[in-house]
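S.K.: Below is a structure I'd like to ask you about.
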Number of protein chains: 2
Amino acid sequence: MGRTKTVKLKDLAMDLGVSVSTVSRAISNSGRVSRETRERILCAVREANYTPNDVARSLRKQNAMSIGIIVTDITNSFFASVIKGAQSYGRDKGYSILLSNSDENELFEAEAMQLMLEKQVSGLILASVGNNAGKIRQFRSVGIPIVFIDNIPSSQGQYDTVTTDNRNAARLLAGMMIRKGYRNIGMITGPLNQSSGRQRYEGFLAAMTEHGLPVRPEWVREGDFKMESGIRCMEDILGLSECPRAVLISNNYMAYGAVRAVKAEGKTIPKDIAVAAFDTDDVTALVSPAIATMNQAAEEIGEKAAEVLISRMSAAGMKPAVNLILEPVFRDGDSW
Amino acid sequence: MGRTKTVKLKDLAMDLGVSVSTVSRAISNSGRVSRETRERILCAVREANYTPNDVARSLRKQNAMSIGIIVTDITNSFFASVIKGAQSYGRDKGYSILLSNSDENELFEAEAMQLMLEKQVSGLILASVGNNAGKIRQFRSVGIPIVFIDNIPSSQGQYDTVTTDNRNAARLLAGMMIRKGYRNIGMITGPLNQSSGRQRYEGFLAAMTEHGLPVRPEWVREGDFKMESGIRCMEDILGLSECPRAVLISNNYMAYGAVRAVKAEGKTIPKDIAVAAFDTDDVTALVSPAIATMNQAAEEIGEKAAEVLISRMSAAGMKPAVNLILEPVFRDGDSW
DNA sequence: TTGAAAGCGCTAACAT
DNA sequence: ATGTTAGCGCTTTCAA
């Protein structure tokens, strides 16, 4: 299947007996072209099924009009929704989406960033697994803006970010748990070197402190946001001689794992142990027990990230970093 | 944040006192370059943090090394997995992914295809909502291959496809239902003008016929693959004076809706009515009841689609169309 | 209002 | 083994 010859500006120009630049102007609707010739040109364009070569245009204009998105796992419904939001906003503004999955792998992430650089993306939306300061600097040095989501770099205020107020979300959720009467509360945290993991842990601590409740170290386990670690952490907790009555769980996958571990022990939620979690958004509405959850506004995060990115790209001077913080959406359940 | 000057081939060449072509050859490791100068060049490349401009390269080589993917809804875990598979295979082969969401909208799909054309993608993986024969022809005429997944065009054998054997999957699933003792069986089908919807319906018919069971038209409802239609169809069925004892449901969202409708009526699955479905793959393992399901091998479909695409792109002559058919994966449940 | 021509950054003949 | 040069298809000064 050899590439057939495609019609280009030059062909149209020759056919019509005008110059390429005139055809170009007519098509892009810029510069002055007489009504008459414009119509003649546009007609020929349609007739010939002319398709502009956007890579040539990108090269010439030094702008590929594309947004790179790197997430750790597109299969995670949170990220899928983020992408959906970004794609939808970007499309309206004429941007296309270059997608990469890092598989939670720092090397893959660095490679993906390199790819984005080479493809000359106009901007990048990055859910980083961390430790790519070098590549991040490289983006800055060539002037390609990055908007961070989910896990954000530690040097706050330096970067554009669109996130949930994780600390407060956790504080609220733990507060609700306490107000329900639970006193002996544990937590399965995410990695404490990732912002979302750490902030949710801090929110939990804040709520406990505010209510004068002690935090028992053996009731706090650090997971890695994956299902397996949720299972393991919950098993550890259930194996203690003295168990917490309720556990806060830092993300969806760990929550599923933890709930399964509880069931596997023959215990019941919330009778034996109560749980609440983050992002256990349930499209099926059939997960049982329905897990009380603070859901991030995923699609909105995607939209806003694209919006911040695009406005950053068209920003003339040095604007201060934008740190957008979206409200989580609480959804009650019968898991507590 | 103005674009800073980036270093290009010419800069490197001047710094090193060699020609651009030599630098190019050294970098792409093609053509002869003396060991010595190559090392000097590669060293300078590293030092200067040189990043090749891939859009220039794409223009020159007339190949963007990118795969377009258009799906109807990236938020559907089936498509998310397809994308993951395609991305992962493509990355290994040096291809990047240009993603578009059509939102099950024919117009958006056509626009996305136009975008892919303009971006000069090397090939396209398409989960079509249908009726874009014109655009499909346009791809063919410029020689950009398409691999169809999920919903495939009616003119069989004409196109490369990677699909599940939907007809047989449905036949098997219905057969299992029958063997469990159910006789009065209904179905909530997908759109019958989409291949996956139609084929699953045909498989159901085949199984019923093979076992000498009648198909009662009022027990068969055509949905649109969305949750709402699952609810509505199941409500209709439950409202009949005589209900089926079991219902086959053509996809995941409709199944969730249908199960919710059953519950809303105060009825129990499978005691009052049994169900089995497609693609109700459950990462949480907490959906209750666990729905017996034929899951498509989504990630593999993505990988294979990318593989077929890439081999098609490098195929010299006219190879016959590839129609890859993958086996579904049955997962039992307690919904029947 | 239109055309001629330069050039975006790179690769690949072709020449040396 | 290296350099020269001609484009890839487009946009955009600049001139007419």
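If you're wondering about the labels, chains in the structure tokens are A, B, ... by order shown, residues count from 1 in each chain, ligands from 1 in order shown.
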Distance limit 9 Å, atoms considered: only C-alpha atoms (C1' of nucleotides). Which chain B residues sit that close to chain C? Return them as a short mmCIF file (atom, residue, chain, number, x, y, z; two decimals) with C-alpha atoms, in the first residue's frame.

M.R.:
```
data_model
loop_
_atom_site.label_atom_id
_atom_site.label_comp_id
_atom_site.auth_asym_id
_atom_site.auth_seq_id
_atom_site.Cartn_x
_atom_site.Cartn_y
_atom_site.Cartn_z
CA LYS B 8 19.85 22.51 16.26
CA LEU B 9 21.92 20.42 13.96
CA LYS B 10 23.46 23.45 12.36
CA SER B 21 24.97 15.97 7.31
CA SER B 24 22.86 13.92 11.20
CA ARG B 25 24.52 10.68 10.16
CA PRO B 52 16.12 16.45 17.48
CA ASN B 53 13.14 18.25 16.05
CA ASP B 54 10.87 15.41 15.11
CA VAL B 55 8.43 17.50 13.16
CA ALA B 56 11.20 18.55 10.79
CA ARG B 57 12.28 14.95 10.57
CA SER B 58 8.73 13.81 9.94
CA LEU B 59 8.29 16.30 7.16
CA ARG B 60 11.51 15.32 5.52
CA LYS B 61 10.99 11.59 5.89
#
```

S.K.: List every residue of range 109-160 of chain B that DSSP, applied to the backbone, labels as helix (DSSP H, G or I), and write the result as a list in words.

M.R.: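 The helix (DSSP H, G or I) residues within range 109-160 of chain B come out as Glu109, Ala110, Glu111, Ala112, Met113, Gln114, Leu115, Met116, Leu117, Glu118, Ala133, Gly134, Lys135, Ile136, Arg137, Gln138, Phe139, Arg140, Ser141 and Val142 of chain B.
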
S.K.: What gap, in Å, lies between CA of Ser66 in chain A and CA of Gly123 in chain B?

M.R.: 18.1 Å

S.K.: Determine, counting only C-alpha atoms (C1' of nucleotides), which protein, DNA and RNA residues have an atom within 12 Å of an atom of range 86-92 of chain B; residues of the same chain fewer than 5 positions away are not included. Present the result as a PyMOL selection string.

M.R.: (chain A and resi 70+73-75+98-103+108+111-112+115) or (chain B and resi 65-70+79-81+97-99+122-126+147+149+162+298-311)

S.K.: Compile the residues of chain D that lie within 12 Å of chain A, evaluated using only C-alpha atoms (C1' of nucleotides), and express the compilation as a PyMOL selection string.

M.R.: chain D and resi 8-13

S.K.: Suppose we keep N, CA and C atoms (P, O5', C5', C4', C3', O3' and C1' of nucleotides); can you now write the selection as a CSV table (one decimal), in the first residue's frame?

M.R.:
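Dumped everything to part.csv:
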```
chain,number,residue,atom,x,y,z
D,8,DC,P,9.9,18.7,-2.7
D,8,DC,O5',9.4,18.1,-1.4
D,8,DC,C5',9.6,16.8,-0.9
D,8,DC,C4',9.2,16.7,0.5
D,8,DC,C3',8.0,17.6,0.8
D,8,DC,O3',6.8,16.8,0.8
D,8,DC,C1',9.8,17.9,2.5
D,9,DG,P,5.6,17.1,-0.3
D,9,DG,O5',4.8,18.3,0.5
D,9,DG,C5',4.2,18.0,1.7
D,9,DG,C4',3.9,19.4,2.4
D,9,DG,C3',3.0,20.3,1.5
D,9,DG,O3',1.9,20.6,2.3
D,9,DG,C1',4.9,21.4,2.3
D,10,DC,P,0.8,21.7,1.9
D,10,DC,O5',1.3,23.0,2.7
D,10,DC,C5',1.1,22.9,4.1
D,10,DC,C4',2.0,24.0,4.8
D,10,DC,C3',1.5,25.4,4.6
D,10,DC,O3',0.7,25.7,5.7
D,10,DC,C1',3.9,25.2,4.3
D,11,DT,P,-0.1,27.1,5.7
D,11,DT,O5',1.0,28.1,6.1
D,11,DT,C5',1.5,28.1,7.5
D,11,DT,C4',2.6,29.2,7.7
D,11,DT,C3',2.0,30.6,7.6
D,11,DT,O3',2.8,31.3,8.6
D,11,DT,C1',3.7,30.4,6.0
D,12,DT,P,2.2,32.6,9.3
D,12,DT,O5',3.2,33.7,8.8
D,12,DT,C5',4.6,33.4,8.8
D,12,DT,C4',5.4,34.4,8.0
D,12,DT,C3',4.7,35.8,7.8
D,12,DT,O3',5.8,36.7,8.0
D,12,DT,C1',5.2,34.9,5.7
D,13,DT,P,5.5,38.0,8.9
D,13,DT,O5',5.4,39.2,7.8
D,13,DT,C5',6.5,40.2,7.8
D,13,DT,C4',7.7,39.7,7.0
D,13,DT,C3',8.2,40.8,6.1
D,13,DT,O3',9.6,41.1,6.5
D,13,DT,C1',7.9,38.8,4.9
```

S.K.: I need the residues in range 50-291 of chain B that are strand (DSSP E) according to DSSP; give them as a PyMOL selection string.

M.R.: chain B and resi 66-71+96-101+123-126+146-149+160-164+185-189+220-222+246-249+274-278

S.K.: Find the residue from B:Leu42, B:Ile83, B:Met294, B:Ile249 that sits nearest to chain A; use only C-alpha atoms when measuring.

M.R.: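 The closest residue to chain A is B:Ile83.
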